[in-house]
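Everything below belongs to start-v9.cif, which stores mmCIF, C-alpha atoms and all ligand atoms.
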```
data_model
loop_
_atom_site.label_atom_id
_atom_site.label_comp_id
_atom_site.auth_asym_id
_atom_site.auth_seq_id
_atom_site.Cartn_x
_atom_site.Cartn_y
_atom_site.Cartn_z
CA MET A 1 53.77 23.96 51.17
CA LYS A 2 53.30 20.23 50.81
CA LEU A 3 50.15 20.47 52.86
CA SER A 4 48.63 23.23 50.70
CA THR A 5 49.41 21.25 47.49
CA THR A 6 47.66 18.22 48.95
CA CYS A 7 44.66 20.39 49.90
CA PHE A 8 44.53 21.84 46.38
CA MET A 9 44.63 18.36 44.83
CA GLU A 10 41.85 17.12 47.07
CA ASN A 11 39.71 20.19 46.39
CA ARG A 12 40.24 19.72 42.65
CA LYS A 13 39.31 16.02 42.92
CA ASP A 14 36.09 16.93 44.76
CA GLN A 15 35.37 19.56 42.11
CA LEU A 16 35.91 17.05 39.29
CA ILE A 17 33.69 14.47 40.98
CA THR A 18 30.99 17.13 41.46
CA GLU A 19 31.34 18.32 37.84
CA GLY A 20 31.22 14.75 36.58
CA HIS A 21 28.13 14.13 38.69
CA ASN A 22 26.46 17.33 37.41
CA SER A 23 27.41 16.53 33.82
CA SER A 24 25.95 13.03 34.07
CA ARG A 25 22.85 14.55 35.70
CA ARG A 26 22.58 17.00 32.78
CA SER A 27 22.91 14.27 30.16
CA PHE A 28 20.45 12.14 32.12
CA PHE A 29 17.91 14.97 32.06
CA LYS A 30 18.55 15.59 28.34
CA ARG A 31 17.99 11.94 27.54
CA THR A 32 14.85 11.60 29.64
CA SER A 33 13.44 14.84 28.18
CA ALA A 34 14.05 13.54 24.66
CA LEU A 35 12.42 10.22 25.53
CA ALA A 36 9.48 12.00 27.10
CA ALA A 37 9.05 14.08 23.95
CA ILE A 38 9.19 10.99 21.76
CA SER A 39 6.73 9.08 23.90
CA LEU A 40 4.34 12.03 24.18
CA THR A 41 4.26 12.94 20.48
CA PRO A 42 2.35 9.89 19.21
CA SER A 43 -0.33 10.28 21.89
CA VAL A 44 -0.85 13.87 20.77
CA PHE A 45 -1.49 12.57 17.25
CA VAL A 46 -3.68 9.77 18.57
CA LYS A 47 -5.79 12.29 20.55
CA ALA A 48 -6.01 14.55 17.50
CA ALA A 49 -7.12 11.63 15.34
CA ALA A 50 -9.67 10.56 17.98
CA ALA A 51 -11.10 14.07 18.01
CA GLY A 52 -11.52 13.87 14.24
CA VAL A 53 -9.01 16.67 13.69
CA ASP A 54 -7.56 14.92 10.65
CA GLU A 55 -11.01 14.66 9.10
CA LYS A 56 -11.71 18.34 9.84
CA ILE A 57 -8.45 19.28 8.10
CA ALA A 58 -9.27 16.96 5.22
CA SER A 59 -12.76 18.41 4.86
CA ALA A 60 -11.13 21.78 4.22
CA PHE A 61 -10.12 20.37 0.83
CA GLU A 62 -12.68 21.27 -1.74
CA LYS A 63 -14.23 18.31 -3.52
CA MET A 64 -13.75 18.23 -7.25
CA PRO A 65 -16.03 16.75 -9.92
CA LEU A 66 -14.90 13.44 -11.45
CA SER A 67 -16.56 11.64 -14.35
CA LEU A 68 -15.40 8.19 -15.31
CA SER A 69 -16.61 4.75 -16.29
CA ILE A 70 -16.14 1.81 -13.96
CA ASN A 71 -17.00 -1.64 -15.27
CA ASN A 72 -18.96 -0.05 -18.13
CA LYS A 73 -21.05 2.07 -15.79
CA ALA A 74 -20.80 5.87 -15.90
CA TYR A 75 -20.16 7.73 -12.64
CA ASN A 76 -20.31 11.46 -11.91
CA LEU A 77 -18.71 11.93 -8.53
CA GLN A 78 -17.38 14.55 -6.14
CA VAL A 79 -13.92 13.58 -4.91
CA GLU A 80 -11.31 15.17 -2.66
CA PRO A 81 -8.00 15.74 -4.49
CA ARG A 82 -6.12 13.57 -1.96
CA VAL A 83 -8.23 10.43 -2.62
CA THR A 84 -6.60 7.54 -4.45
CA LEU A 85 -8.38 5.44 -7.02
CA LEU A 86 -8.13 2.52 -4.58
CA ASP A 87 -9.90 4.41 -1.78
CA LEU A 88 -12.48 5.76 -4.21
CA LEU A 89 -13.31 2.21 -5.34
CA ARG A 90 -13.34 0.65 -1.89
CA GLU A 91 -14.54 3.39 0.47
CA GLN A 92 -16.81 5.52 -1.70
CA LEU A 93 -18.17 3.02 -4.24
CA HIS A 94 -17.89 -0.13 -2.10
CA LEU A 95 -16.20 -2.10 -4.87
CA THR A 96 -14.15 -4.06 -2.37
CA GLY A 97 -12.94 -6.74 -4.78
CA THR A 98 -9.85 -4.60 -5.34
CA LYS A 99 -7.66 -5.19 -2.30
CA LYS A 100 -5.46 -2.91 -0.24
CA GLY A 101 -2.25 -4.70 0.68
CA CYS A 102 0.72 -2.41 1.21
CA ASP A 103 -0.88 0.87 -0.01
CA HIS A 104 2.62 1.75 -1.25
CA GLY A 105 2.81 0.27 -4.75
CA GLN A 106 4.77 -2.77 -3.67
CA CYS A 107 2.38 -5.74 -3.61
CA GLY A 108 0.03 -5.42 -6.61
CA ALA A 109 -3.07 -6.37 -4.60
CA CYS A 110 -4.77 -3.18 -5.84
CA THR A 111 -4.20 -3.81 -9.58
CA VAL A 112 -6.99 -2.54 -11.85
CA HIS A 113 -7.16 -1.67 -15.54
CA VAL A 114 -7.23 1.96 -16.68
CA ASP A 115 -8.03 2.16 -20.38
CA GLY A 116 -6.86 -1.45 -20.69
CA ARG A 117 -3.52 -0.95 -18.94
CA ARG A 118 -2.76 -2.41 -15.50
CA VAL A 119 -2.04 0.12 -12.76
CA ASN A 120 -1.66 0.11 -9.01
CA ALA A 121 -4.80 1.88 -7.80
CA CYS A 122 -3.10 2.80 -4.52
CA LEU A 123 -0.58 4.96 -6.41
CA THR A 124 -3.16 6.61 -8.66
CA LEU A 125 -4.98 9.75 -7.58
CA ALA A 126 -8.63 9.40 -8.49
CA LEU A 127 -8.77 12.79 -10.20
CA THR A 128 -6.08 11.69 -12.67
CA VAL A 129 -8.41 9.11 -14.24
CA GLU A 130 -11.00 11.66 -15.33
CA GLY A 131 -12.87 10.37 -18.39
CA LYS A 132 -11.12 6.98 -18.36
CA GLN A 133 -12.46 3.44 -18.48
CA ILE A 134 -11.71 1.53 -15.28
CA THR A 135 -12.09 -2.21 -14.97
CA THR A 136 -11.97 -3.92 -11.60
CA ILE A 137 -12.22 -7.59 -10.74
CA GLU A 138 -16.00 -7.12 -10.38
CA GLY A 139 -16.18 -6.21 -14.07
CA LEU A 140 -14.19 -9.12 -15.48
CA ALA A 141 -16.85 -11.83 -15.64
CA GLU A 142 -19.77 -11.58 -18.04
CA GLY A 143 -22.78 -12.26 -15.88
CA ASP A 144 -22.37 -15.77 -14.48
CA LYS A 145 -19.66 -16.62 -17.02
CA LEU A 146 -16.22 -16.27 -15.45
CA HIS A 147 -13.33 -14.76 -17.37
CA PRO A 148 -10.93 -17.43 -18.78
CA VAL A 149 -8.18 -16.26 -16.39
CA GLN A 150 -10.55 -16.58 -13.43
CA GLU A 151 -11.45 -20.11 -14.60
CA ALA A 152 -7.76 -21.00 -14.94
CA PHE A 153 -6.96 -19.76 -11.43
CA ILE A 154 -9.70 -22.03 -10.06
CA GLU A 155 -8.57 -24.99 -12.19
CA PHE A 156 -4.92 -24.68 -11.06
CA ASP A 157 -5.53 -23.62 -7.44
CA GLY A 158 -3.75 -20.33 -8.07
CA PHE A 159 -4.54 -19.08 -4.60
CA GLN A 160 -4.72 -20.04 -0.96
CA CYS A 161 -6.08 -17.20 1.22
CA GLY A 162 -7.15 -15.34 -1.92
CA TYR A 163 -6.19 -11.86 -0.75
CA CYS A 164 -3.77 -11.22 -3.62
CA THR A 165 -5.95 -13.03 -6.18
CA PRO A 166 -7.99 -10.13 -7.65
CA GLY A 167 -4.76 -8.22 -8.28
CA GLN A 168 -3.05 -11.33 -9.67
CA ILE A 169 -5.92 -11.98 -12.08
CA MET A 170 -6.15 -8.35 -13.25
CA SER A 171 -2.41 -8.31 -13.79
CA ALA A 172 -2.45 -11.70 -15.55
CA VAL A 173 -5.07 -10.55 -18.06
CA CYS A 174 -2.83 -7.64 -19.09
CA CYS A 175 0.31 -9.78 -18.97
CA ILE A 176 -1.23 -12.09 -21.58
CA LYS A 177 -2.61 -9.24 -23.70
CA GLU A 178 0.79 -7.51 -23.64
CA GLY A 179 2.32 -10.68 -25.12
CA HIS A 180 4.39 -11.35 -22.01
CA ALA A 181 3.16 -14.85 -21.21
CA ASN A 182 5.13 -16.95 -23.69
CA THR A 183 7.25 -18.81 -21.14
CA ALA A 184 7.07 -19.50 -17.43
CA GLU A 185 10.11 -17.25 -16.93
CA GLU A 186 8.42 -14.43 -18.79
CA VAL A 187 5.26 -14.78 -16.71
CA ARG A 188 7.32 -14.72 -13.50
CA GLU A 189 9.14 -11.60 -14.69
CA TYR A 190 6.09 -9.67 -15.87
CA MET A 191 3.98 -10.70 -12.87
CA SER A 192 6.75 -9.91 -10.39
CA GLY A 193 4.91 -6.81 -9.17
CA ASN A 194 2.21 -9.06 -7.73
CA ILE A 195 3.23 -10.58 -4.44
CA CYS A 196 1.56 -13.72 -3.07
CA ARG A 197 2.33 -14.20 0.59
CA CYS A 198 0.88 -17.71 0.45
CA GLY A 199 3.53 -18.59 -2.13
CA CYS A 200 1.20 -19.94 -4.82
CA TYR A 201 3.52 -18.78 -7.57
CA SER A 202 3.94 -22.04 -9.48
CA ASN A 203 0.16 -22.56 -9.62
CA ILE A 204 -0.34 -18.94 -10.69
CA VAL A 205 2.18 -19.39 -13.52
CA ASP A 206 0.42 -22.59 -14.62
CA ALA A 207 -2.92 -20.77 -14.61
CA VAL A 208 -1.61 -17.84 -16.64
CA MET A 209 0.15 -20.08 -19.18
CA THR A 210 -2.96 -22.23 -19.57
CA ALA A 211 -5.24 -19.20 -20.00
CA LYS A 212 -2.87 -17.90 -22.64
CA GLN A 213 -2.59 -21.22 -24.48
CA GLY A 214 -6.37 -21.70 -24.28
CA GLY A 215 -6.55 -18.94 -26.84
CA LYS A 216 -9.87 -17.66 -25.56
CA LYS A 217 -10.78 -14.00 -26.00
CA LEU A 218 -9.55 -12.13 -22.93
S1 LIG A 301 -1.92 -2.03 -2.20
FE1 LIG A 301 -1.30 -1.12 -4.07
S2 LIG A 301 0.54 -2.10 -4.54
FE2 LIG A 301 0.05 -2.87 -2.58
S1 LIG A 302 -3.27 -16.48 -2.06
FE1 LIG A 302 -2.79 -15.66 -0.11
S2 LIG A 302 -1.56 -13.96 -0.59
FE2 LIG A 302 -1.82 -14.93 -2.48
#
```
Would you mind giving the structure from this file in structure tokens?
Amino acid sequence: MKLSTTCFMENRKDQLITEGHNSSRRSFFKRTSALAAISLTPSVFVKAAAAGVDEKIASAFEKMPLSLSINNKAYNLQVEPRVTLLDLLREQLHLTGTKKGCDHGQCGACTVHVDGRRVNACLTLALTVEGKQITTIEGLAEGDKLHPVQEAFIEFDGFQCGYCTPGQIMSAVCCIKEGHANTAEEVREYMSGNICRCGCYSNIVDAVMTAKQGGKKL
């Protein structure tokens, strides 16, 4: 009797060890399968992108007519519904003064004016500005005469690498026109949507305040 109990216990122990081994094998296979799926998925997308599949899908969208004015010049265009104002300006019209920073409405590098109001071009679908007046940094100067805010940015070194500068200037023009440039604190608040990774903020504030106090027509 004692012998058979011992045999049963040992058999059970072997069974448990085998089950534990199988269970860890199963979870190992589950984990490696999941990892394989994760690691394979991006390459599928990469291959699809390389084969131009995304462009073929995109080309299925019908282009729509779009009439608008950019820097006082009339345009009659054909535009896919998915295209943003930023991509229209940069990719289709080669107005590359407007910069793409985050492409998510968080840095202000893409700021342009739509009917005199500042907007993030990366968050604006091109078709939504039908019939509107767009001003980009290219349209701010009058011939060789720089805009007063452009002059102030140069005078106060309101930039370092310059990548954020077109957006800063476009935003600053509206900030002043809106009446939000009365104090340094106000300028910081109302320009807070424009990020400068070089950290030129104090010079930018000085430039905006000076342009405002200069009283020139903006
Ligand atoms: S690129 Fe539009 S907000 Fe950053
Ligand atoms: S000047 Fe470099 S990001 Fe502003």
Could you tell me, counting all atoms listed in the file, which protein and nucleic acid residues lie no more than 9 Å from ligand LIG 302 (chain A), written as number ranges by chain?
-> A: 109, 158-165, 168, 194-201
Between A:Gly139, A:Pro81, A:Pro148, A:Gly167, single out the one closest to ligand LIG 301 (chain A), counting all atoms listed in the file.
-> A:Gly167
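Using only C-alpha atoms and all ligand atoms, the smallest distance between any of A:Pro166, A:Gly214, A:Gly97, A:Gly105 and ligand LIG 301 (chain A) comes from A:Gly105.
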Report as a ChimeraX atom specification which protein, DNA and RNA residues come within 8 Å of ligand LIG 301 (chain A), using only C-alpha atoms and all ligand atoms.
-> /A:86,99-111,120-123,193-194
Spatial neighbours of Cys174 of chain A, 9 Å, all atoms listed in the file, chain gap at least 5 places, as a list of chain:residue names =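 The residues that qualify are A:His113, A:Gly116, A:Arg117, A:Arg118, A:Ile169, A:Gly179, A:His180, A:Leu218.
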Identify which of the residues A:Arg82, A:His147, A:Lys217, A:Lys73 lies closest to Thr124 of chain A, counting all atoms listed in the file when measuring atom-to-atom distances.
->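 Among the listed residues, A:Arg82 lies closest to Thr124 of chain A.
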Quick one: pull the distance between atom CA of Met209 of chain A and atom CA of Asp115 of chain A, Å, one decimal.
->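 According to the coordinates, atom CA of Met209 of chain A and atom CA of Asp115 of chain A are separated by 23.7 Å.
The gap separating atom CA of Ile137 of chain A from atom CA of Arg90 of chain A is 12.1 Å, in Å to one decimal.
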What is the atom CA of Asn72 of chain A-atom CA of Gly131 of chain A distance in Å, reported with one decimal?
->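 That distance, rounded to one decimal, is 12.1 Å.
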Using only C-alpha atoms: which of A:Met191, A:Leu146, A:Lys212, A:Asn203 has the shortest distance to Ile176 of chain A |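 The shortest atom-to-atom distance to Ile176 of chain A comes from A:Lys212.
Shell of Ile70 of chain A at 7 Å, with only C-alpha atoms counted and residues fewer than 3 places along the chain excluded, is Lys73, Ala74, Gln133, Ile134 and Thr135 of chain A.
The closest residue to Leu68 of chain A, picked from A:Asp87, A:Leu93, A:Val119, A:Val129 and counting all atoms listed in the file, is A:Val129.
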Looking at all atoms listed in the file, which of A:Ala152, A:Ala211, A:Val79, A:Ala172 is the one that sits closest to Glu130 of chain A?
->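 Looking at the shortest contact to Glu130 of chain A, the residue is A:Val79.
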